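Engineer: File input-v2.cif follows (mmCIF, C-alpha atoms and all ligand atoms):
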data_work
#
loop_
_atom_site.label_atom_id
_atom_site.label_comp_id
_atom_site.auth_asym_id
_atom_site.auth_seq_id
_atom_site.Cartn_x
_atom_site.Cartn_y
_atom_site.Cartn_z
CA MET A 15 0.00 0.00 0.00
CA PRO A 16 1.42 3.43 -0.91
CA LEU A 17 1.87 6.16 1.66
CA PRO A 18 -1.45 7.81 2.42
CA TYR A 19 -2.09 11.24 1.02
CA LEU A 20 -2.65 14.05 3.48
CA LEU A 21 -5.17 16.46 1.96
CA LEU A 22 -5.01 19.82 3.66
CA ASP A 23 -7.57 22.63 3.58
CA ILE A 24 -6.80 26.22 4.55
CA ASP A 25 -9.91 28.29 5.31
CA GLY A 26 -11.39 27.13 8.61
CA VAL A 27 -8.31 24.98 9.23
CA LEU A 28 -5.17 27.10 9.03
CA ILE A 29 -7.15 30.34 8.84
CA PRO A 30 -9.98 30.01 11.37
CA PHE A 31 -13.12 32.00 10.82
CA PRO A 32 -13.17 35.34 12.64
CA ALA A 33 -15.41 35.76 15.66
CA ALA A 34 -18.68 37.65 15.32
CA ASP A 35 -16.91 40.85 16.33
CA GLY A 36 -14.27 40.31 13.63
CA SER A 37 -11.54 39.36 16.08
CA THR A 38 -9.10 36.57 15.31
CA PRO A 39 -7.27 34.25 17.70
CA PRO A 40 -4.35 35.84 19.56
CA THR A 41 -2.25 32.86 18.51
CA HIS A 42 -2.53 33.95 14.87
CA ILE A 43 -0.44 36.61 13.16
CA ARG A 44 -2.14 38.84 10.65
CA HIS A 45 -0.79 39.13 7.11
CA THR A 46 -2.01 40.99 4.08
CA VAL A 47 -1.75 38.97 0.88
CA LEU A 48 -2.65 39.30 -2.77
CA PRO A 49 -4.21 36.11 -4.15
CA THR A 50 -3.90 35.35 -7.84
CA GLY A 51 -6.26 37.50 -9.91
CA ARG A 52 -6.87 39.96 -7.10
CA HIS A 53 -6.46 43.64 -7.88
CA PRO A 54 -3.35 45.09 -6.19
CA ASP A 55 -5.55 47.71 -4.55
CA ASP A 56 -7.67 45.02 -2.96
CA PRO A 57 -5.42 42.74 -0.88
CA VAL A 58 -6.84 40.18 1.54
CA PRO A 59 -6.17 40.04 5.30
CA ILE A 60 -5.41 36.57 6.64
CA TRP A 61 -4.16 35.22 9.96
CA LEU A 62 -1.87 32.26 10.53
CA ASP A 63 -0.53 30.50 13.61
CA PRO A 64 3.26 30.11 13.37
CA SER A 65 3.07 27.02 15.58
CA HIS A 66 1.10 25.32 12.80
CA GLY A 67 4.14 25.67 10.61
CA VAL A 68 6.28 23.76 13.08
CA LEU A 69 3.67 21.08 13.78
CA LEU A 70 2.86 20.53 10.14
CA ALA A 71 6.44 20.59 8.93
CA ASP A 72 7.26 17.80 11.37
CA LEU A 73 4.44 15.66 10.01
CA LEU A 74 4.96 16.55 6.36
CA THR A 75 8.63 15.68 6.45
CA SER A 76 8.12 12.55 8.54
CA GLY A 77 7.82 10.33 5.49
CA LEU A 78 4.52 9.01 6.86
CA VAL A 79 2.24 10.86 4.45
CA THR A 80 2.30 12.48 1.04
CA PRO A 81 0.93 16.00 1.53
CA VAL A 82 -1.30 17.78 -0.98
CA TRP A 83 -3.13 21.08 -0.60
CA CYS A 84 -6.87 20.69 -1.10
CA THR A 85 -8.20 24.23 -0.92
CA SER A 86 -9.87 26.92 -2.93
CA TRP A 87 -6.58 28.78 -2.56
CA ARG A 88 -5.30 26.28 -5.13
CA ARG A 89 -1.83 27.34 -6.36
CA ASP A 90 -1.76 30.27 -3.94
CA ALA A 91 -1.50 27.69 -1.16
CA THR A 92 1.98 26.86 -2.41
CA THR A 93 3.09 30.42 -3.14
CA ILE A 94 1.46 32.35 -0.28
CA ILE A 95 0.25 30.22 2.62
CA GLY A 96 2.95 27.55 2.70
CA PRO A 97 5.84 30.04 2.64
CA LEU A 98 4.24 32.23 5.33
CA LEU A 99 4.10 29.18 7.60
CA GLY A 100 7.60 28.06 6.65
CA LEU A 101 6.30 24.80 5.22
CA PRO A 102 8.20 22.68 2.73
CA ASP A 103 6.93 22.92 -0.83
CA PHE A 104 4.31 20.34 -1.79
CA PRO A 105 1.70 20.09 -4.57
CA TYR A 106 -1.86 21.33 -4.70
CA LEU A 107 -5.02 19.91 -6.22
CA ASP A 108 -6.26 22.07 -9.06
CA LEU A 109 -9.86 21.98 -7.89
CA PRO A 110 -12.65 22.85 -10.32
CA ARG A 111 -14.52 26.13 -10.01
CA PRO A 112 -18.18 25.12 -9.92
CA GLN A 113 -20.85 27.78 -9.92
CA ILE A 114 -22.25 26.96 -6.50
CA THR A 115 -23.81 28.95 -3.70
CA THR A 116 -23.25 26.35 -1.01
CA SER A 117 -20.24 24.20 -0.20
CA HIS A 118 -22.54 21.15 -0.19
CA PRO A 119 -24.49 21.41 -3.46
CA ASP A 120 -25.25 17.67 -3.39
CA GLY A 121 -25.25 17.25 0.36
CA TYR A 122 -21.51 16.61 0.62
CA LEU A 123 -18.36 18.69 0.29
CA TRP A 124 -18.07 20.15 -3.21
CA LYS A 125 -14.39 19.14 -3.45
CA ARG A 126 -15.11 15.47 -3.00
CA ASP A 127 -15.99 14.41 -6.53
CA HIS A 128 -12.69 15.77 -7.78
CA VAL A 129 -10.78 14.31 -4.85
CA GLU A 130 -12.34 10.90 -5.29
CA VAL A 131 -11.23 10.66 -8.91
CA TRP A 132 -7.79 12.04 -8.13
CA LEU A 133 -7.20 9.63 -5.25
CA ALA A 134 -8.33 6.56 -7.19
CA ASP A 135 -7.50 3.73 -4.77
CA ALA A 136 -4.96 5.58 -2.64
CA PRO A 137 -5.38 5.76 1.13
CA ALA A 138 -5.90 9.25 2.44
CA VAL A 139 -6.37 11.43 5.47
CA TRP A 140 -8.29 14.58 4.66
CA ILE A 141 -8.34 17.61 6.95
CA ASP A 142 -11.18 20.03 6.20
CA ASP A 143 -13.62 21.97 8.33
CA ASP A 144 -16.60 21.52 6.04
CA PHE A 145 -17.53 17.85 5.78
CA THR A 146 -21.07 16.55 6.15
CA SER A 147 -22.32 13.20 7.38
CA LEU A 148 -22.24 12.02 3.75
CA ASP A 149 -18.51 12.65 3.64
CA CYS A 150 -18.05 10.66 6.84
CA ALA A 151 -20.06 7.83 5.26
CA TRP A 152 -17.90 8.06 2.13
CA ALA A 153 -14.73 7.70 4.22
CA ALA A 154 -16.19 4.76 6.09
CA GLU A 155 -17.23 3.03 2.86
CA ARG A 156 -13.82 3.59 1.35
CA THR A 157 -12.16 2.14 4.42
CA ALA A 158 -14.51 -0.84 4.38
CA ARG A 159 -13.51 -1.48 0.78
CA GLY A 160 -9.89 -1.75 1.86
CA THR A 161 -8.76 1.82 1.18
CA PRO A 162 -8.05 3.41 4.56
CA THR A 163 -9.60 6.85 4.66
CA LEU A 164 -9.70 9.24 7.60
CA ILE A 165 -11.61 12.49 7.81
CA VAL A 166 -10.43 15.07 10.32
CA GLN A 167 -12.72 18.04 10.83
CA PRO A 168 -11.53 21.01 12.88
CA ASP A 169 -14.03 23.49 14.24
CA PRO A 170 -13.77 26.37 11.75
CA GLN A 171 -13.90 28.91 14.58
CA LEU A 172 -10.85 27.33 16.19
CA GLY A 173 -8.98 25.83 13.25
CA LEU A 174 -6.39 23.11 13.42
CA GLN A 175 -5.44 21.92 16.89
CA PRO A 176 -2.41 19.82 17.87
CA GLU A 177 -4.67 16.88 18.72
CA HIS A 178 -5.82 16.73 15.11
CA LEU A 179 -2.28 16.03 13.99
CA THR A 180 -1.85 13.54 16.82
CA GLU A 181 -4.93 11.77 15.44
CA VAL A 182 -3.37 11.73 11.99
CA THR A 183 -0.11 10.32 13.29
CA LYS A 184 -1.87 7.59 15.26
CA TRP A 185 -4.03 6.67 12.28
CA VAL A 186 -1.02 6.40 9.99
CA ALA A 187 0.88 4.33 12.54
CA GLN A 188 -1.87 1.69 12.67
CA LEU A 189 -1.96 1.21 8.91
CA PRO A 190 -0.69 -2.30 8.13
CA THR A 191 2.03 -1.31 5.67
CA ALA A 192 2.29 2.42 6.10
CA ARG A 193 5.96 2.51 5.27
CA ALA A 194 5.81 0.21 2.27
CA VAL A 195 7.06 1.78 -0.95
MG MG B 201 -12.42 25.13 4.70
#
What is this structure when it is put down as structure tokens?
Ligand SMILES: [Mg+2]

Structural biologist:
Amino acid sequence: MPLPYLLLDIDGVLIPFPAADGSTPPTHIRHTVLPTGRHPDDPVPIWLDPSHGVLLADLLTSGLVTPVWCTSWRRDATTIIGPLLGLPDFPYLDLPRPQITTSHPDGYLWKRDHVEVWLADAPAVWIDDDFTSLDCAWAAERTARGTPTLIVQPDPQLGLQPEHLTEVTKWVAQLPTARAV
């Protein structure tokens, strides 16, 4: 079995949603960035926790998973977010751009159809704040078919917590041939 992919979201995971009063966690440092296609006069404020960089870099360079960005930031994940967190370079999924008004147009996360095709039969752990019960069922069915699949869902108001990465590490460690090439 190949190394599992680690699919990593950004909004609601590395950039938690602001509180109702617009405040952001004191653990997070504010940055102003210019996503691709954005007018230079209209940059975007974001906030990132430097400790995430350290925690994630340890996991991503552990050789236990193959990391891939899975985010509507697409390529900007690799050119903006990753560097700001000091992460090693890794690829991104070029997600489609459906004309949708909800992140669950068919009752499950809009990214999933693309991810499912891209993964084929590869094991995967997927960190995203926006799964539904149908996504959990999908992961369970995949696992039951012999393709280990773990969904990790941070609270979007809080974002990624150390225990989420502990869960990932434990899950990978119990895979029967996690280190097989
Ligand atoms: Mg998200």

Engineer: What does the list of residues within 7 Å of ligand MG 201 (chain B) look like if you count only C-alpha atoms and all ligand atoms, written as a PyMOL selection string?

Structural biologist: chain A and resi 23-27+142-144

Engineer: Can you pull out the residues contacting segment 45-50 of chain A? Cut-off 9 Å, using only C-alpha atoms, and skip same-chain residues under 4 positions away; I want them as a list in words.

Structural biologist: Pro54, Asp56, Pro57, Val58, Pro59, Ile60, Trp61, Leu62, Trp87, Arg89, Asp90, Ile94 and Leu98 of chain A

Engineer: Provide the atom CA of Asp63 of chain A to atom CA of Ile141 of chain A distance in Å, to one decimal place.

Structural biologist: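 Atom CA of Asp63 of chain A sits 16.5 Å away from atom CA of Ile141 of chain A.
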
Engineer: So that I can check the surroundings of Ala138 of chain A, please list as a ChimeraX atom specification every protein, DNA and RNA residue that reaches within 6 Å of it, counting all atoms listed in the file and ignoring chain neighbours fewer than 3 positions away.

Structural biologist: /A:18-20,163

Engineer: Could those selected residues go to a file with C-alpha atoms, as a PDB file, in the frame of the given file?

Structural biologist:
ATOM      1  CA  PRO A  18      -1.450   7.810   2.420  1.00  0.00           C
ATOM      2  CA  TYR A  19      -2.090  11.240   1.020  1.00  0.00           C
ATOM      3  CA  LEU A  20      -2.650  14.050   3.480  1.00  0.00           C
ATOM      4  CA  THR A 163      -9.600   6.850   4.660  1.00  0.00           C
TER       5      THR A 163
END

Engineer: Counting all atoms listed in the file, which residues sit no farther than 6 Å from the position (5.0, 25.4, 7.8) in the file's frame? I'd like them as an MDAnalysis selection string.

Structural biologist: chainID A and resid 67:68 70:71 96 99:101

Engineer: Would you list the contacts of Ile165 of chain A as an MDAnalysis selection string, taking every protein, DNA or RNA residue within 12 Å and counting only C-alpha atoms, but skipping same-chain residues closer than 6 positions in sequence?

Structural biologist: chainID A and resid 19:23 123 126 137:154 156:157 178:179 181:182 185

Engineer: Neighbours of Leu189 of chain A within 10 Å (only C-alpha atoms; same-chain residues fewer than 3 positions away dropped), as a PyMOL selection string?

Structural biologist: chain A and resi 15+17-18+137+162+184-186+192-193

Engineer: One decimal, Å: what's the distance from atom CA of Pro30 of chain A over to atom CA of Gly173 of chain A, could you say?

Structural biologist: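 So the two atoms, atom CA of Pro30 of chain A and atom CA of Gly173 of chain A, lie 4.7 Å apart.
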